[in-house]
$ cat final_32.cif   # mmCIF, C-alpha atoms
data_entry
loop_
_atom_site.label_atom_id
_atom_site.label_comp_id
_atom_site.auth_asym_id
_atom_site.auth_seq_id
_atom_site.Cartn_x
_atom_site.Cartn_y
_atom_site.Cartn_z
CA MET A 24 -7.04 12.51 38.10
CA ASP A 25 -5.22 14.56 35.52
CA ARG A 26 -3.73 12.18 32.93
CA PHE A 27 -3.09 14.01 29.63
CA ASP A 28 -2.83 17.77 29.09
CA ARG A 29 -4.38 19.64 26.19
CA THR A 30 -1.26 19.55 23.98
CA THR A 31 -1.01 15.76 24.28
CA ARG A 32 -4.69 15.22 23.51
CA TRP A 33 -4.66 17.58 20.52
CA LEU A 34 -1.58 15.86 19.15
CA HIS A 35 -3.19 12.45 19.63
CA TRP A 36 -6.46 13.33 17.89
CA ILE A 37 -5.01 15.40 15.03
CA ASN A 38 -2.52 12.60 14.35
CA ALA A 39 -5.36 10.05 14.59
CA ALA A 40 -7.40 12.06 12.06
CA LEU A 41 -4.48 12.25 9.61
CA VAL A 42 -3.74 8.54 9.97
CA GLY A 43 -7.48 7.83 9.50
CA VAL A 44 -7.46 9.76 6.22
CA LEU A 45 -4.27 7.94 5.15
CA VAL A 46 -5.76 4.52 5.95
CA ALA A 47 -9.01 5.30 4.09
CA THR A 48 -7.38 6.77 0.98
CA GLY A 49 -4.61 4.16 1.10
CA ALA A 50 -7.22 1.40 1.12
CA VAL A 51 -8.83 2.89 -1.99
CA LEU A 52 -5.48 3.12 -3.79
CA TYR A 53 -4.39 -0.38 -2.78
CA TRP A 54 -7.46 -2.54 -2.80
CA GLY A 55 -8.62 -3.27 -6.37
CA GLU A 56 -12.23 -4.08 -5.54
CA LEU A 57 -12.59 -0.81 -3.64
CA SER A 58 -10.84 1.30 -6.27
CA SER A 59 -13.15 -0.05 -8.95
CA ILE A 60 -16.20 1.00 -6.89
CA VAL A 61 -15.11 4.53 -6.02
CA GLY A 62 -12.78 5.41 -8.95
CA ARG A 63 -11.20 8.91 -8.89
CA ARG A 64 -7.75 7.49 -8.34
CA ALA A 65 -5.92 10.76 -9.04
CA LEU A 66 -7.96 12.60 -6.38
CA PHE A 67 -7.39 9.96 -3.68
CA LYS A 68 -3.71 9.90 -4.53
CA GLU A 69 -3.52 13.66 -4.06
CA ILE A 70 -5.31 13.52 -0.66
CA HIS A 71 -3.12 10.60 0.45
CA VAL A 72 0.08 12.47 -0.42
CA ILE A 73 -1.03 15.73 1.23
CA ALA A 74 -2.14 13.98 4.46
CA GLY A 75 1.17 12.10 4.52
CA LEU A 76 3.22 15.26 4.10
CA CYS A 77 1.22 16.86 6.96
CA LEU A 78 2.08 14.03 9.40
CA PRO A 79 5.15 15.68 11.01
CA VAL A 80 3.43 19.09 11.43
CA PRO A 81 1.46 18.41 14.66
CA PHE A 82 4.55 16.86 16.28
CA VAL A 83 6.72 19.85 15.38
CA LEU A 84 4.07 22.20 16.84
CA ALA A 85 3.38 20.18 20.00
CA LEU A 86 6.80 19.08 21.22
CA PRO A 87 8.95 22.21 21.81
CA GLY A 88 8.91 24.69 24.69
CA ARG A 89 6.60 24.97 27.68
CA ARG A 90 3.67 23.70 25.64
CA GLY A 91 5.30 20.30 25.15
CA LEU A 92 6.65 19.91 28.68
CA ARG A 93 4.25 17.20 29.85
CA LEU A 94 4.23 15.55 26.45
CA ARG A 95 8.02 15.21 26.59
CA ARG A 96 7.78 13.88 30.13
CA ASP A 97 5.33 11.20 28.86
CA LEU A 98 7.79 10.29 26.12
CA GLY A 99 10.39 9.81 28.86
CA ALA A 100 7.99 7.48 30.68
CA LEU A 101 7.36 5.54 27.46
CA ASN A 102 11.11 5.15 27.02
CA ARG A 103 11.82 3.61 30.46
CA PHE A 104 10.97 0.00 31.29
CA SER A 105 10.89 -0.93 34.98
CA PRO A 106 11.59 -4.42 36.39
CA ASP A 107 7.80 -4.67 36.94
CA ASP A 108 7.31 -3.95 33.23
CA PHE A 109 9.50 -6.91 32.31
CA ARG A 110 7.60 -9.15 34.74
CA TRP A 111 4.34 -7.91 33.18
CA LEU A 112 5.65 -8.83 29.72
CA ARG A 113 6.86 -12.26 30.85
CA SER A 114 3.52 -13.04 32.53
CA ARG A 115 1.57 -11.48 29.62
CA GLY A 116 -0.05 -9.08 32.06
CA GLU A 117 -1.26 -11.86 34.37
CA ASP A 118 1.14 -11.42 37.31
CA PRO A 119 -0.99 -9.79 40.09
CA THR A 120 2.02 -8.47 42.01
CA VAL A 121 3.14 -6.23 39.14
CA ARG A 122 2.75 -2.52 39.94
CA LEU A 123 2.72 -0.35 36.82
CA GLY A 124 3.65 3.30 36.27
CA LYS A 125 1.85 5.73 33.95
CA PHE A 126 1.93 3.37 30.97
CA ASN A 127 1.84 -0.38 30.74
CA PRO A 128 4.66 -2.01 28.73
CA GLY A 129 2.27 -2.88 25.93
CA GLN A 130 1.54 0.82 25.50
CA LYS A 131 5.27 1.54 25.55
CA LEU A 132 6.02 -1.03 22.84
CA ASN A 133 3.02 0.12 20.80
CA ALA A 134 4.22 3.74 20.99
CA ALA A 135 7.72 2.76 19.83
CA PHE A 136 6.33 0.62 17.02
CA VAL A 137 3.75 3.14 15.78
CA ALA A 138 6.28 5.97 15.83
CA ALA A 139 8.80 3.88 13.88
CA ALA A 140 6.08 2.73 11.46
CA LEU A 141 4.99 6.33 10.77
CA VAL A 142 8.60 7.38 10.09
CA THR A 143 8.98 4.37 7.78
CA MET A 144 5.70 5.09 5.97
CA LEU A 145 6.68 8.73 5.47
CA ALA A 146 10.17 7.91 4.17
CA THR A 147 9.03 5.14 1.81
CA GLY A 148 6.03 7.24 0.77
CA LEU A 149 8.36 10.08 -0.24
CA VAL A 150 10.37 7.68 -2.42
CA LEU A 151 7.15 6.42 -4.04
CA ARG A 152 5.87 9.92 -4.71
CA PHE A 153 9.14 11.57 -5.78
CA PHE A 154 10.84 8.56 -7.35
CA SER A 155 12.72 10.16 -10.25
CA PRO A 156 16.03 10.91 -8.44
CA PHE A 157 16.27 7.38 -6.97
CA PRO A 158 17.32 4.05 -8.54
CA LEU A 159 14.28 2.03 -9.68
CA ALA A 160 15.17 -0.79 -7.28
CA TRP A 161 14.57 1.66 -4.44
CA ARG A 162 11.07 2.16 -5.69
CA THR A 163 10.45 -1.58 -5.59
CA GLY A 164 11.96 -1.65 -2.09
CA ALA A 165 9.88 1.30 -0.95
CA THR A 166 6.71 -0.32 -2.36
CA PHE A 167 7.49 -3.54 -0.50
CA VAL A 168 8.18 -1.82 2.83
CA HIS A 169 5.25 0.62 2.47
CA ASP A 170 2.79 -2.26 1.86
CA TRP A 171 3.93 -4.57 4.64
CA THR A 172 4.36 -1.76 7.16
CA ALA A 173 0.83 -0.57 6.32
CA LEU A 174 -0.47 -4.04 7.08
CA ALA A 175 1.40 -4.23 10.41
CA LEU A 176 0.38 -0.68 11.32
CA GLY A 177 -3.25 -1.50 10.48
CA LEU A 178 -3.12 -4.44 12.92
CA ALA A 179 -1.52 -2.26 15.63
CA ILE A 180 -4.17 0.44 15.18
CA THR A 181 -6.97 -2.14 15.30
CA GLY A 182 -5.54 -3.53 18.54
CA HIS A 183 -5.11 -0.02 19.97
CA VAL A 184 -8.73 0.97 19.22
CA TRP A 185 -10.00 -2.39 20.45
CA LEU A 186 -8.24 -2.05 23.82
CA ALA A 187 -9.37 1.58 24.17
CA MET A 188 -12.99 0.52 23.59
CA ALA A 189 -12.60 -2.25 26.17
CA ASP A 190 -11.47 0.22 28.85
CA PRO A 191 -13.74 3.32 28.77
CA ASP A 192 -11.97 4.87 31.79
CA ALA A 193 -8.64 4.80 29.97
CA LEU A 194 -10.29 6.16 26.81
CA ARG A 195 -11.72 9.05 28.88
CA GLY A 196 -8.13 9.93 29.76
CA MET A 197 -7.43 10.75 26.11
CA VAL A 198 -10.82 12.41 25.49
CA SER A 199 -11.27 14.66 28.56
CA GLY A 200 -7.75 14.40 29.97
CA LYS A 201 -8.96 12.92 33.29
CA VAL A 202 -9.30 9.38 34.63
CA PRO A 203 -11.13 8.20 37.78
CA ALA A 204 -8.79 7.88 40.81
CA ARG A 205 -10.11 4.32 41.31
CA TRP A 206 -8.86 3.37 37.82
CA ALA A 207 -5.43 4.85 38.50
CA ARG A 208 -5.13 3.10 41.90
CA GLN A 209 -5.99 -0.27 40.43
CA LYS A 210 -4.31 -0.18 37.04
CA ARG A 211 -1.43 2.30 37.39
CA PRO A 212 -0.56 2.24 41.14
CA ARG A 213 2.95 3.64 40.79
CA TRP A 214 1.69 6.54 38.71
CA TYR A 215 -1.12 7.14 41.23
CA GLU A 216 1.39 7.37 44.07
CA GLU A 217 3.60 9.72 42.09
CA ILE A 218 0.75 12.15 41.39
CA SER A 219 -1.30 11.95 44.60
CA GLN A 220 1.58 11.34 47.03
CA GLU A 221 -0.58 8.72 48.79
CA PRO A 222 -0.18 4.98 48.79
CA ALA A 223 -2.35 3.24 46.20
CA GLY A 224 -2.86 0.17 48.43
CA SER A 225 -6.32 -1.05 49.24
CA ALA A 226 -6.28 0.98 52.52
CA THR A 227 -7.74 4.03 50.75
CA PRO A 228 -11.45 3.54 50.07
CA GLY A 229 -12.97 5.12 47.00
CA PRO A 230 -14.67 8.52 47.31
CA MET B 2 9.05 12.49 40.01
CA VAL B 3 10.22 8.99 40.80
CA GLU B 4 13.40 8.07 38.95
CA ASP B 5 14.20 4.45 39.63
CA MET B 6 17.83 3.57 39.05
CA ASP B 7 16.88 0.11 37.84
CA GLU B 8 14.71 1.32 34.96
CA THR B 9 15.98 0.48 31.49
CA PRO B 10 15.68 3.14 28.77
CA ILE B 11 14.87 0.91 25.81
CA GLY B 12 11.72 2.47 24.31
CA ARG B 13 13.73 4.94 22.28
CA ARG B 14 16.13 2.22 21.17
CA VAL B 15 13.24 0.04 19.99
CA PHE B 16 11.87 3.03 18.09
CA LEU B 17 15.18 3.95 16.47
CA GLY B 18 15.98 0.33 15.64
CA LEU B 19 12.62 -0.31 14.00
CA ALA B 20 12.69 2.99 12.12
CA ALA B 21 16.21 2.30 10.81
CA PHE B 22 15.13 -1.19 9.78
CA GLY B 23 12.04 0.14 7.99
CA VAL B 24 13.67 3.06 6.22
CA SER B 25 16.71 1.01 5.13
CA GLY B 26 14.20 -1.35 3.50
CA ILE B 27 14.08 1.15 0.65
CA VAL B 28 17.50 -0.24 -0.29
CA TRP B 29 17.15 -3.95 0.59
CA GLY B 30 13.38 -4.23 0.01
CA SER B 31 13.50 -5.16 -3.67
CA LYS B 32 15.54 -8.29 -2.83
CA ALA B 33 13.24 -9.16 0.07
CA ALA B 34 10.20 -8.66 -2.18
CA GLY B 35 11.54 -11.24 -4.61
CA LEU B 36 12.21 -13.67 -1.76
CA VAL B 37 8.75 -13.28 -0.23
CA GLU B 38 7.19 -13.71 -3.68
CA ARG B 39 9.02 -17.01 -4.18
CA LEU B 40 8.15 -18.23 -0.67
CA LEU B 41 4.46 -17.35 -0.84
CA ALA B 42 3.75 -18.20 -4.47
CA PRO B 43 3.41 -21.99 -3.91
CA ILE B 44 1.14 -21.42 -0.89
CA SER B 45 -1.12 -18.84 -2.49
CA VAL B 46 -1.84 -21.17 -5.40
CA LYS B 47 -3.33 -23.70 -2.96
CA ASP B 48 -4.99 -21.08 -0.76
CA GLY B 49 -8.75 -21.51 -1.17
CA SER B 50 -9.77 -18.84 1.33
CA GLY B 51 -8.50 -15.96 -0.80
CA LEU B 52 -7.04 -14.46 2.39
CA LEU B 53 -3.53 -14.50 0.95
CA GLY B 54 -4.88 -12.38 -1.88
CA LEU B 55 -5.06 -9.50 0.59
CA LEU B 56 -1.36 -9.72 1.39
CA PRO B 57 0.92 -7.35 -0.45
CA THR B 58 2.54 -10.01 -2.60
CA GLY B 59 1.76 -11.69 -5.90
CA ARG B 60 -1.35 -9.63 -6.51
CA PHE B 61 -2.54 -7.18 -9.13
CA ARG B 62 -2.62 -3.48 -8.32
CA ILE B 63 -5.36 -1.80 -10.27
CA TYR B 64 -4.17 1.33 -12.03
CA SER B 65 -6.34 3.57 -14.14
CA VAL B 66 -5.46 6.93 -15.64
CA THR B 67 -8.87 8.61 -15.68
CA ASN B 68 -11.28 9.65 -12.90
CA THR B 69 -13.71 6.80 -13.26
CA LEU B 70 -13.07 3.16 -13.97
CA PRO B 71 -13.82 2.61 -17.66
CA LYS B 72 -16.72 0.17 -18.03
CA MET B 73 -18.29 -1.36 -21.12
CA ALA B 74 -20.61 -4.29 -21.58
CA PRO B 75 -19.27 -6.93 -24.00
CA ALA B 76 -22.38 -6.43 -26.15
CA ASN B 77 -21.45 -2.77 -26.77
CA TRP B 78 -17.77 -3.41 -27.30
CA ARG B 79 -16.23 -2.94 -30.77
CA LEU B 80 -12.65 -3.09 -31.94
CA ASP B 81 -11.55 -0.97 -34.92
CA VAL B 82 -8.52 -2.15 -36.87
CA ASP B 83 -7.52 0.59 -39.31
CA GLY B 84 -4.71 2.82 -40.60
CA LEU B 85 -2.30 1.70 -43.32
CA ALA B 86 -4.27 -1.40 -44.24
CA GLY B 87 -5.93 -2.73 -47.35
CA ALA B 88 -8.94 -4.11 -45.47
CA PRO B 89 -9.67 -2.10 -42.31
CA TYR B 90 -12.50 -3.65 -40.26
CA THR B 91 -14.51 -3.54 -37.06
CA ILE B 92 -15.11 -6.61 -34.94
CA GLY B 93 -17.53 -7.23 -32.04
CA TYR B 94 -17.05 -9.30 -28.89
CA ASP B 95 -18.83 -12.46 -30.07
CA ASP B 96 -16.98 -12.50 -33.39
CA LEU B 97 -13.66 -12.04 -31.58
CA LEU B 98 -14.42 -15.11 -29.46
CA ARG B 99 -15.00 -17.14 -32.65
CA LEU B 100 -11.45 -16.49 -33.92
CA PRO B 101 -8.79 -19.16 -33.22
CA ALA B 102 -7.88 -18.79 -29.54
CA VAL B 103 -4.52 -19.17 -27.81
CA GLY B 104 -3.76 -19.55 -24.10
CA LEU B 105 -0.71 -18.15 -22.33
CA THR B 106 0.25 -18.82 -18.70
CA LYS B 107 2.85 -16.32 -17.63
CA ASP B 108 3.89 -14.01 -14.80
CA PHE B 109 2.61 -10.46 -14.98
CA GLN B 110 5.42 -8.03 -14.16
CA CYS B 111 4.81 -4.38 -13.36
CA VAL B 112 7.51 -1.77 -13.86
CA THR B 113 6.94 -0.59 -10.25
CA GLY B 114 8.11 -3.97 -9.00
CA TRP B 115 5.11 -6.17 -8.26
CA ARG B 116 4.70 -9.47 -10.05
CA VAL B 117 1.77 -11.86 -10.21
CA PRO B 118 2.90 -15.43 -10.86
CA ASP B 119 1.29 -17.77 -13.41
CA VAL B 120 -1.57 -15.68 -14.75
CA ARG B 121 -3.69 -17.58 -17.27
CA TRP B 122 -4.59 -15.48 -20.32
CA LYS B 123 -6.76 -16.43 -23.27
CA GLY B 124 -7.28 -14.45 -26.45
CA VAL B 125 -6.43 -14.08 -30.12
CA ARG B 126 -2.91 -13.56 -31.42
CA LEU B 127 -2.43 -9.90 -32.32
CA ALA B 128 -0.64 -11.10 -35.48
CA ASP B 129 -3.91 -12.76 -36.64
CA ILE B 130 -5.97 -9.64 -35.85
CA LEU B 131 -3.55 -7.50 -37.89
CA GLU B 132 -3.32 -9.99 -40.77
CA ARG B 133 -7.08 -9.83 -41.34
CA ALA B 134 -6.69 -6.09 -42.07
CA ALA B 135 -4.03 -6.76 -44.75
CA PRO B 136 -1.37 -4.23 -43.61
CA ASN B 137 0.30 -2.16 -46.35
CA ALA B 138 4.04 -2.52 -46.96
CA GLU B 139 4.80 0.91 -45.46
CA ALA B 140 3.17 0.05 -42.11
CA LYS B 141 5.97 -0.32 -39.57
CA ALA B 142 4.25 0.09 -36.21
CA VAL B 143 0.94 -0.17 -34.38
CA GLU B 144 -0.86 2.30 -32.13
CA PHE B 145 -3.39 1.13 -29.53
CA GLU B 146 -6.20 3.18 -28.06
CA SER B 147 -8.26 2.58 -24.95
CA PHE B 148 -11.94 3.52 -24.57
CA ASP B 149 -11.10 5.42 -21.38
CA GLY B 150 -10.12 8.27 -23.73
CA ALA B 151 -6.59 8.70 -22.37
CA TYR B 152 -4.56 5.49 -22.36
CA THR B 153 -2.56 4.79 -25.54
CA GLU B 154 0.28 2.41 -26.35
CA THR B 155 2.48 1.38 -29.27
CA LEU B 156 4.48 -1.56 -30.58
CA THR B 157 6.62 -2.00 -33.67
CA LEU B 158 5.00 -4.29 -36.24
CA GLU B 159 7.70 -6.86 -35.58
CA GLN B 160 6.94 -6.85 -31.83
CA ALA B 161 3.21 -6.94 -32.53
CA ARG B 162 3.61 -10.11 -34.60
CA ARG B 163 5.21 -12.14 -31.80
CA ASP B 164 3.37 -15.25 -30.68
CA ASP B 165 3.24 -14.07 -27.05
CA VAL B 166 1.37 -10.86 -27.84
CA ILE B 167 -2.40 -11.35 -27.73
CA VAL B 168 -5.70 -9.52 -27.70
CA ALA B 169 -7.01 -11.07 -24.48
CA TYR B 170 -10.59 -11.62 -23.29
CA GLU B 171 -10.08 -14.16 -20.48
CA LEU B 172 -8.01 -13.93 -17.29
CA ASP B 173 -7.65 -16.95 -15.02
CA GLY B 174 -10.56 -18.69 -16.72
CA LYS B 175 -13.02 -15.79 -16.40
CA PRO B 176 -14.01 -12.91 -18.69
CA ILE B 177 -11.71 -9.96 -17.95
CA SER B 178 -13.34 -7.54 -15.49
CA SER B 179 -13.39 -3.76 -15.95
CA ALA B 180 -10.77 -3.37 -13.22
CA HIS B 181 -8.42 -5.65 -15.14
CA GLY B 182 -9.05 -3.82 -18.43
CA GLY B 183 -11.99 -5.81 -19.78
CA PRO B 184 -13.92 -6.76 -21.72
CA VAL B 185 -10.89 -6.93 -24.04
CA ARG B 186 -7.30 -5.83 -23.45
CA LEU B 187 -3.86 -6.29 -24.85
CA TYR B 188 -1.42 -8.71 -23.24
CA VAL B 189 2.23 -8.19 -24.25
CA ALA B 190 3.93 -11.02 -22.34
CA PRO B 191 7.61 -10.08 -22.83
CA MET B 192 7.15 -6.48 -21.73
CA TYR B 193 6.28 -4.58 -18.54
CA GLY B 194 2.61 -4.31 -17.65
CA TYR B 195 2.06 -0.79 -18.93
CA LYS B 196 2.47 -2.04 -22.52
CA SER B 197 -0.52 -4.37 -22.04
CA LEU B 198 -3.08 -1.69 -22.76
CA LYS B 199 -6.39 -2.01 -20.92
CA TRP B 200 -9.90 -1.36 -22.31
CA LEU B 201 -8.76 -1.85 -25.93
CA GLN B 202 -10.96 -0.28 -28.63
CA ARG B 203 -8.73 0.65 -31.57
CA ILE B 204 -5.65 -0.65 -33.34
CA THR B 205 -4.07 1.58 -35.99
CA LEU B 206 -1.28 0.62 -38.40
CA VAL B 207 1.19 3.51 -38.84
CA VAL B 208 4.67 4.32 -40.12
CA GLU B 209 5.97 6.15 -37.06
CA PRO B 210 4.04 5.76 -33.78
CA ARG B 211 3.30 8.67 -31.42
CA PRO B 212 4.54 7.96 -27.86
CA GLY B 213 1.96 6.23 -25.66
CA TYR B 214 0.54 7.48 -22.36
CA TRP B 215 3.20 5.98 -20.06
CA GLU B 216 6.04 6.74 -22.45
CA LYS B 217 5.10 10.40 -22.14
CA GLN B 218 5.49 9.91 -18.35
CA GLY B 219 9.09 8.87 -18.96
CA TYR B 220 8.92 5.08 -19.33
CA ASP B 221 10.79 3.23 -22.08
CA VAL B 222 9.04 2.62 -25.41
CA ASP B 223 10.69 -0.81 -25.80
CA ALA B 224 9.70 -2.18 -22.41
CA TRP B 225 11.36 -5.64 -22.40
CA ILE B 226 11.12 -7.20 -18.95
CA GLY B 227 14.60 -7.31 -17.39
CA SER B 228 16.36 -5.09 -19.93
CA SER B 229 14.56 -1.75 -19.89
CA ASN B 230 13.53 0.99 -17.48
CA GLY B 231 16.75 0.37 -15.52
CA ARG B 232 15.40 -2.90 -14.06
CA SER B 233 16.74 -6.44 -13.95
CA ASP B 234 13.69 -8.72 -13.40
CA GLU B 235 13.49 -12.32 -14.59
CA PRO B 236 11.67 -12.47 -17.96
CA ALA B 237 8.03 -13.58 -17.55
#

$ encode --input "final_32.cif" --output "structure tokens"
Amino acid sequence: MDRFDRTTRWLHWINAALVGVLVATGAVLYWGELSSIVGRRALFKEIHVIAGLCLPVPFVLALPGRRGLRLRRDLGALNRFSPDDFRWLRSRGEDPTVRLGKFNPGQKLNAAFVAAALVTMLATGLVLRFFSPFPLAWRTGATFVHDWTALALGLAITGHVWLAMADPDALRGMVSGKVPARWARQKRPRWYEEISQEPAGSATPGP
Amino acid sequence: MVEDMDETPIGRRVFLGLAAFGVSGIVWGSKAAGLVERLLAPISVKDGSGLLGLLPTGRFRIYSVTNTLPKMAPANWRLDVDGLAGAPYTIGYDDLLRLPAVGLTKDFQCVTGWRVPDVRWKGVRLADILERAAPNAEAKAVEFESFDGAYTETLTLEQARRDDVIVAYELDGKPISSAHGGPVRLYVAPMYGYKSLKWLQRITLVVEPRPGYWEKQGYDVDAWIGSSNGRSDEPA
């Protein structure tokens, strides 16, 4: 079943690559033991700043017009929480009667958090890099927020990668764009019904 | 497309709320940083695992100004004390350790905002180092040079003679590592961290000092903690 179109996948992987570079260079700049092994602080700083400034570019290219139609529709789905989503959250995903749409509520919260964290990192990063017009207290504030948000974002990314590794069918959705119908019926029944126009109930045997 | 009436559009609100919270932290973050520092400082002292050392509070950030981290074995290290002095001299690591030592336990405050509480320093008073060179009457200031080839700093002779300004060789009970500016660095307790020159190799007595590395980047020459660089930190 068709899960993510080309625009969405490109955006995901280009953004992932940029964030990967930012995490790696950021670790070198931040972590004393590492910086003393690799050195070249000025170079890593330069790469970190350039990758950070590039962050908005893929979004600006992917979102508008016909190209971003399905991507924008997915953002709409990430925005809306159904009553089932709230039951899923309350039962920590254990309630067997919950029927999910395209995304589970954990993915929705993760998307909102990661997007907000990237905006925060970019804004505070700009203050750190171009600090001269701002009061010095802002620089302290930006350092504080940049550091703690990096830590939280690192945990979110670790969790995201961990869960993707644990569910290869879901991961395939972001790599090839397609997921097995069986996966969709079991894990995202409402989305399955929307796309296939058939009931996802156990009546339909697998192909 | 199925549009359920009972769906709640909160994803965007969560995003906007979190983003506003994060970005506004630029303004309130310096106060929060101080609070977190005070809350975590008593815990991190007792923390044996070192895990808290990874958190972004109360820890050193390692800054260097050249491409590679300057490294020198203590055996190869020499300090030149020269300039307007009657008895310029060179001293090695072992001889430095034989001079009368002083200990200082003080917070280390960086001009960018981070602060490490209760750092234990050990070294020789800069006043003693200078006295051995017998400064001439016209000497009014001191220039410091690092063996990284780029980092320089200055103090007035009056500042250099304070009791809380030392040529340090021990940090928290251990020889100072290269990352922290070892084997020997300056520690100027009453001033922001950039005055505490790392990788010290030369001290020169002068009349009028040339601006140091960070002063050329726009930082104050007299870098008193709490009353310079537009900041208002507690003195260390």

$ resolve_selection --input "final_32.cif" --expression "the PyMOL selection byres ((chain B) within 6 of (chain A))" --output "ChimeraX atom specification"
/B:8-13,16,19-20,23-24,27-28,30-31,57,63,68-70,113-114,180

$ resolve_selection --input "final_32.cif" --expression "the PyMOL selection byres ((chain B and resi 153) around 6)" --output "compact mmCIF listing (two decimals) with C-alpha atoms, in the coordinates of the input"
# COMPACT_ATOMS: atom_id res chain seq x y z
CA PHE B 145 -3.39 1.13 -29.53
CA GLU B 146 -6.20 3.18 -28.06
CA TYR B 152 -4.56 5.49 -22.36
CA GLU B 154 0.28 2.41 -26.35
CA GLY B 213 1.96 6.23 -25.66
CA TYR B 214 0.54 7.48 -22.36

$ atom_distance --input "final_32.cif" --atom1 "CA of Phe109 (chain B)" --atom2 "CA of Ala74 (chain B)"
24.9 Å

$ atom_distance --input "final_32.cif" --atom1 "CA of Val189 (chain B)" --atom2 "CA of Pro118 (chain B)"
15.2 Å

$ resolve_selection --input "final_32.cif" --expression "the PyMOL selection byres ((chain A and resi 74-82) around 12)" --output "JSON list (two decimals) with C-alpha atoms, in the coordinates of the input"
[["chain", "number", "residue", "atom", "x", "y", "z"],
["A", 30, "THR", "CA", -1.26, 19.55, 23.98],
["A", 31, "THR", "CA", -1.01, 15.76, 24.28],
["A", 32, "ARG", "CA", -4.69, 15.22, 23.51],
["A", 33, "TRP", "CA", -4.66, 17.58, 20.52],
["A", 34, "LEU", "CA", -1.58, 15.86, 19.15],
["A", 35, "HIS", "CA", -3.19, 12.45, 19.63],
["A", 36, "TRP", "CA", -6.46, 13.33, 17.89],
["A", 37, "ILE", "CA", -5.01, 15.40, 15.03],
["A", 38, "ASN", "CA", -2.52, 12.60, 14.35],
["A", 39, "ALA", "CA", -5.36, 10.05, 14.59],
["A", 40, "ALA", "CA", -7.40, 12.06, 12.06],
["A", 41, "LEU", "CA", -4.48, 12.25, 9.61],
["A", 42, "VAL", "CA", -3.74, 8.54, 9.97],
["A", 43, "GLY", "CA", -7.48, 7.83, 9.50],
["A", 44, "VAL", "CA", -7.46, 9.76, 6.22],
["A", 45, "LEU", "CA", -4.27, 7.94, 5.15],
["A", 46, "VAL", "CA", -5.76, 4.52, 5.95],
["A", 47, "ALA", "CA", -9.01, 5.30, 4.09],
["A", 48, "THR", "CA", -7.38, 6.77, 0.98],
["A", 49, "GLY", "CA", -4.61, 4.16, 1.10],
["A", 67, "PHE", "CA", -7.39, 9.96, -3.68],
["A", 68, "LYS", "CA", -3.71, 9.90, -4.53],
["A", 69, "GLU", "CA", -3.52, 13.66, -4.06],
["A", 70, "ILE", "CA", -5.31, 13.52, -0.66],
["A", 71, "HIS", "CA", -3.12, 10.60, 0.45],
["A", 72, "VAL", "CA", 0.08, 12.47, -0.42],
["A", 73, "ILE", "CA", -1.03, 15.73, 1.23],
["A", 83, "VAL", "CA", 6.72, 19.85, 15.38],
["A", 84, "LEU", "CA", 4.07, 22.20, 16.84],
["A", 85, "ALA", "CA", 3.38, 20.18, 20.00],
["A", 86, "LEU", "CA", 6.80, 19.08, 21.22],
["A", 87, "PRO", "CA", 8.95, 22.21, 21.81],
["A", 90, "ARG", "CA", 3.67, 23.70, 25.64],
["A", 91, "GLY", "CA", 5.30, 20.30, 25.15],
["A", 94, "LEU", "CA", 4.23, 15.55, 26.45],
["A", 95, "ARG", "CA", 8.02, 15.21, 26.59],
["A", 138, "ALA", "CA", 6.28, 5.97, 15.83],
["A", 141, "LEU", "CA", 4.99, 6.33, 10.77],
["A", 142, "VAL", "CA", 8.60, 7.38, 10.09],
["A", 143, "THR", "CA", 8.98, 4.37, 7.78],
["A", 144, "MET", "CA", 5.70, 5.09, 5.97],
["A", 145, "LEU", "CA", 6.68, 8.73, 5.47],
["A", 146, "ALA", "CA", 10.17, 7.91, 4.17],
["A", 147, "THR", "CA", 9.03, 5.14, 1.81],
["A", 148, "GLY", "CA", 6.03, 7.24, 0.77],
["A", 149, "LEU", "CA", 8.36, 10.08, -0.24],
["A", 151, "LEU", "CA", 7.15, 6.42, -4.04],
["A", 152, "ARG", "CA", 5.87, 9.92, -4.71]]

$ atom_distance --input "final_32.cif" --atom1 "CA of Pro89 (chain B)" --atom2 "CA of Val207 (chain B)"
12.7 Å

$ closest_residue --input "final_32.cif" --among "A:Met197, A:Met24, A:Val51, A:Ala223" --to "Tyr64 (chain B)" --atoms "only C-alpha atoms"
A:Val51

$ residues_around --input "final_32.cif" --residues "Tyr193 (chain B)" --least-positions-apart "5" --cutoff "9 Å" --atoms "only C-alpha atoms" --output "PyMOL selection string"
chain B and resi 109-112+224-227+229

$ closest_residue --input "final_32.cif" --among "B:Ala128, B:Val143, B:Arg186, B:Gly84" --to "Arg162 (chain B)" --atoms "all atoms listed in the file"
B:Ala128

$ axis_aligned_box --input "final_32.cif" --around "region 113-116 of chain B" --padding-each-side "4 Å" --output "lines of an AutoDock Vina configuration file"
center_x = 6.4
center_y = -5.0
center_z = -9.3
size_x = 11.4
size_y = 16.9
size_z = 10.0

$ closest_residue --input "final_32.cif" --among "A:Gly196, A:Arg122, A:Ala175, A:Val184" --to "Pro222 (chain A)" --atoms "only C-alpha atoms"
A:Arg122

$ closest_residue --input "final_32.cif" --among "A:Asp28, A:Gln130, A:Phe153, A:Arg115" --to "Arg96 (chain A)" --atoms "only C-alpha atoms"
A:Asp28
